[in-house]
file my_file_0.cif (mmCIF, C-alpha atoms)
data_entry
loop_
_atom_site.group_PDB
_atom_site.id
_atom_site.type_symbol
_atom_site.label_atom_id
_atom_site.label_comp_id
_atom_site.auth_asym_id
_atom_site.auth_seq_id
_atom_site.Cartn_x
_atom_site.Cartn_y
_atom_site.Cartn_z
ATOM 1 C CA MET N 1 120.377 45.728 164.592
ATOM 2 C CA GLY N 2 122.660 47.069 162.062
ATOM 3 C CA ASP N 3 122.373 49.579 159.356
ATOM 4 C CA LEU N 4 119.622 48.859 156.810
ATOM 5 C CA ALA N 5 121.947 49.678 153.930
ATOM 6 C CA SER N 6 124.452 47.015 154.927
ATOM 7 C CA ASN N 7 121.972 44.179 155.669
ATOM 8 C CA PRO N 8 120.609 42.545 152.485
ATOM 9 C CA ILE N 9 117.993 40.414 154.362
ATOM 10 C CA ALA N 10 116.562 43.491 156.086
ATOM 11 C CA GLN N 11 116.499 45.237 152.725
ATOM 12 C CA LEU N 12 114.592 42.301 151.198
ATOM 13 C CA VAL N 13 112.086 42.213 154.077
ATOM 14 C CA PHE N 14 111.607 45.980 153.831
ATOM 15 C CA LEU N 15 111.069 45.696 150.075
ATOM 16 C CA VAL N 16 108.493 42.851 150.440
ATOM 17 C CA LEU N 17 106.576 44.642 153.197
ATOM 18 C CA SER N 18 106.561 47.886 151.232
ATOM 19 C CA ALA N 19 105.291 46.093 148.138
ATOM 20 C CA ALA N 20 102.543 44.323 150.133
ATOM 21 C CA GLY N 21 101.435 47.583 151.736
ATOM 22 C CA GLY N 22 101.432 49.348 148.391
ATOM 23 C CA TYR N 23 99.421 46.518 146.870
ATOM 24 C CA GLN N 24 96.810 46.781 149.654
ATOM 25 C CA VAL N 25 96.485 50.521 149.100
ATOM 26 C CA TRP N 26 96.201 49.996 145.356
ATOM 27 C CA ARG N 27 93.505 47.262 145.831
ATOM 28 C CA GLY N 28 91.517 49.535 148.136
ATOM 29 C CA LYS N 29 91.292 52.108 145.405
ATOM 30 C CA GLN N 30 90.170 49.620 142.763
ATOM 31 C CA PRO N 31 86.462 49.596 141.739
ATOM 32 C CA THR N 32 85.992 45.951 142.762
ATOM 33 C CA GLU N 33 86.947 46.743 146.348
ATOM 34 C CA ALA N 34 84.603 49.720 146.343
ATOM 35 C CA LYS N 35 81.862 47.506 144.939
ATOM 36 C CA GLU N 36 82.440 44.889 147.611
ATOM 37 C CA ARG N 37 82.392 47.540 150.326
ATOM 38 C CA ALA N 38 79.240 49.061 148.857
ATOM 39 C CA ASP N 39 77.688 45.613 148.614
ATOM 40 C CA SER N 40 78.571 44.926 152.252
ATOM 41 C CA SER N 41 77.141 48.289 153.289
ATOM 42 C CA GLY N 42 74.000 47.565 151.295
ATOM 43 C CA GLN N 43 73.646 44.177 152.920
ATOM 44 C CA ILE N 44 74.095 45.705 156.362
ATOM 45 C CA ALA N 45 71.472 48.344 155.586
ATOM 46 C CA ALA N 46 69.118 45.673 154.231
ATOM 47 C CA LEU N 47 69.600 43.569 157.346
ATOM 48 C CA ALA N 48 68.868 46.577 159.543
ATOM 49 C CA THR N 49 65.709 47.245 157.522
ATOM 50 C CA TRP N 50 64.602 43.615 157.784
ATOM 51 C CA GLN N 51 65.323 43.617 161.507
ATOM 52 C CA ALA N 52 63.213 46.757 161.980
ATOM 53 C CA LEU N 53 60.390 45.175 159.971
ATOM 54 C CA LEU N 54 60.636 41.988 162.024
ATOM 55 C CA GLU N 55 60.456 43.929 165.283
ATOM 56 C CA GLY N 56 57.426 45.826 163.975
ATOM 57 C CA GLU N 57 55.715 42.581 162.990
ATOM 58 C CA ARG N 58 56.446 41.057 166.382
ATOM 59 C CA ALA N 59 54.918 44.076 168.124
ATOM 60 C CA ALA N 60 51.887 43.901 165.834
ATOM 61 C CA ARG N 61 51.513 40.165 166.570
ATOM 62 C CA VAL N 62 51.625 40.803 170.317
ATOM 63 C CA LYS N 63 48.930 43.487 169.953
ATOM 64 C CA ALA N 64 46.797 41.174 167.813
ATOM 65 C CA GLU N 65 47.124 38.382 170.379
ATOM 66 C CA GLU N 66 46.110 40.784 173.155
ATOM 67 C CA ARG N 67 43.060 41.885 171.136
ATOM 68 C CA ALA N 68 42.166 38.244 170.411
ATOM 69 C CA ASP N 69 42.453 37.365 174.099
ATOM 70 C CA LYS N 70 40.291 40.352 175.045
ATOM 71 C CA PHE N 71 37.709 39.405 172.411
ATOM 72 C CA ALA N 72 37.646 35.793 173.645
ATOM 73 C CA ALA N 73 37.124 36.951 177.242
ATOM 74 C CA GLU N 74 34.301 39.298 176.188
ATOM 75 C CA ARG N 75 32.721 36.536 174.072
ATOM 76 C CA ASN N 76 32.879 34.088 176.991
ATOM 77 C CA GLU N 77 31.316 36.663 179.309
ATOM 78 C CA ALA N 78 28.525 37.352 176.803
ATOM 79 C CA LEU N 79 27.847 33.629 176.412
ATOM 80 C CA GLN N 80 27.675 33.259 180.193
ATOM 81 C CA GLN N 81 25.158 36.106 180.352
ATOM 82 C CA VAL N 82 23.076 34.469 177.604
ATOM 83 C CA TRP N 83 23.003 31.201 179.527
ATOM 84 C CA ASP N 84 22.026 33.055 182.707
ATOM 85 C CA MET N 85 19.186 34.794 180.843
ATOM 86 C CA ARG N 86 18.007 31.473 179.402
ATOM 87 C CA GLY N 87 17.798 30.088 182.923
ATOM 88 C CA GLN N 88 15.871 33.148 184.090
ATOM 89 C CA LEU N 89 13.486 32.874 181.129
ATOM 90 C CA LYS N 90 12.868 29.210 181.906
ATOM 91 C CA VAL N 91 11.976 30.052 185.503
ATOM 92 C CA MET N 92 9.709 32.910 184.335
ATOM 93 C CA ASN N 93 7.938 30.624 181.842
ATOM 94 C CA GLU N 94 7.359 28.034 184.551
ATOM 95 C CA THR N 95 5.975 30.754 186.842
ATOM 96 C CA ILE N 96 3.648 32.066 184.127
ATOM 97 C CA THR N 97 2.443 28.543 183.351
ATOM 98 C CA SER N 98 1.626 27.862 186.999
ATOM 99 C CA GLN N 99 -0.081 31.269 187.348
ATOM 100 C CA ARG N 100 -2.193 30.579 184.252
ATOM 101 C CA ALA N 101 -3.258 27.239 185.712
ATOM 102 C CA GLU N 102 -4.125 28.930 189.007
ATOM 103 C CA LEU N 103 -6.041 31.674 187.146
ATOM 104 C CA GLY N 104 -7.990 28.994 185.282
ATOM 105 C CA GLU N 105 -8.904 27.327 188.575
ATOM 106 C CA LEU N 106 -9.959 30.665 190.069
ATOM 107 C CA ARG N 107 -12.171 31.412 187.050
ATOM 108 C CA GLU N 108 -13.778 28.024 187.391
ATOM 109 C CA GLN N 109 -14.440 28.725 191.081
ATOM 110 C CA MET N 110 -15.901 32.149 190.206
ATOM 111 C CA ARG N 111 -18.183 30.536 187.629
ATOM 112 C CA GLN N 112 -19.391 27.993 190.169
ATOM 113 C CA ILE N 113 -20.023 30.738 192.781
ATOM 114 C CA LYS N 114 -21.986 32.788 190.220
ATOM 115 C CA GLU N 115 -24.065 29.732 189.367
ATOM 116 C CA GLN N 116 -24.769 29.157 193.039
ATOM 117 C CA ILE N 117 -25.786 32.781 193.544
ATOM 118 C CA HIS N 118 -28.086 32.840 190.528
ATOM 119 C CA ALA N 119 -29.553 29.441 191.168
ATOM 120 C CA PRO N 120 -33.083 29.434 192.719
#
call {"tool": "encode", "arguments": {"input": "my_file_0.cif", "output": "C-alpha cells"}}
result
Amino acid sequence: MGDLASNPIAQLVFLVLSAAGGYQVWRGKQPTEAKERADSSGQIAALATWQALLEGERAARVKAEERADKFAAERNEALQQVWDMRGQLKVMNETITSQRAELGELREQMRQIKEQIHAP
C-alpha cells in the first residue's frame, strides 16, 4: 500500500466512504429518523404491553377453567347425593306404606277381639 496522497483511487474510495459516513450521521440527526426510532420504540412498548395483557388473560382463563371444573365436580356430587336421597325416600315411603297396612290389620284384629270379649 502506498501513500494515500499519491494514489488517486484510494483518495476516491476514502472520499466516498467519508461522504457515506457523514450522510449516515446527518440522517441520524434528522427528525424523520428520530420519528422512526420513536415509532419503533412505541411499537415495541405497545407489543410488550399487549404481551403482558395476553399473559394476564391466559392466567385468568386458566383460573376460570379451574373454577368451572371445580363447580362441575361439586354439582355432580350434589346431584349424586340428591339421587341417593330419592332412593332412600322411596324405600322409607314403601316401609311406611307397609307399616300402615300392618297397623290397619292390627286394629281390625283388636276390634274383633274387643267384640269377642264384649259379646255375651
call {"tool": "atom_distance", "arguments": {"input": "my_file_0.cif", "atom1": "atom CA of N:Leu106", "atom2": "atom CA of N:Glu94"}}
result
18.4 Å
call {"tool": "atom_distance", "arguments": {"input": "my_file_0.cif", "atom1": "atom CA of N:Ile96", "atom2": "atom CA of N:Ala78"}}
result
26.5 Å
call {"tool": "atom_distance", "arguments": {"input": "my_file_0.cif", "atom1": "atom CA of N:Asn93", "atom2": "atom CA of N:Glu108"}}
result
22.6 Å
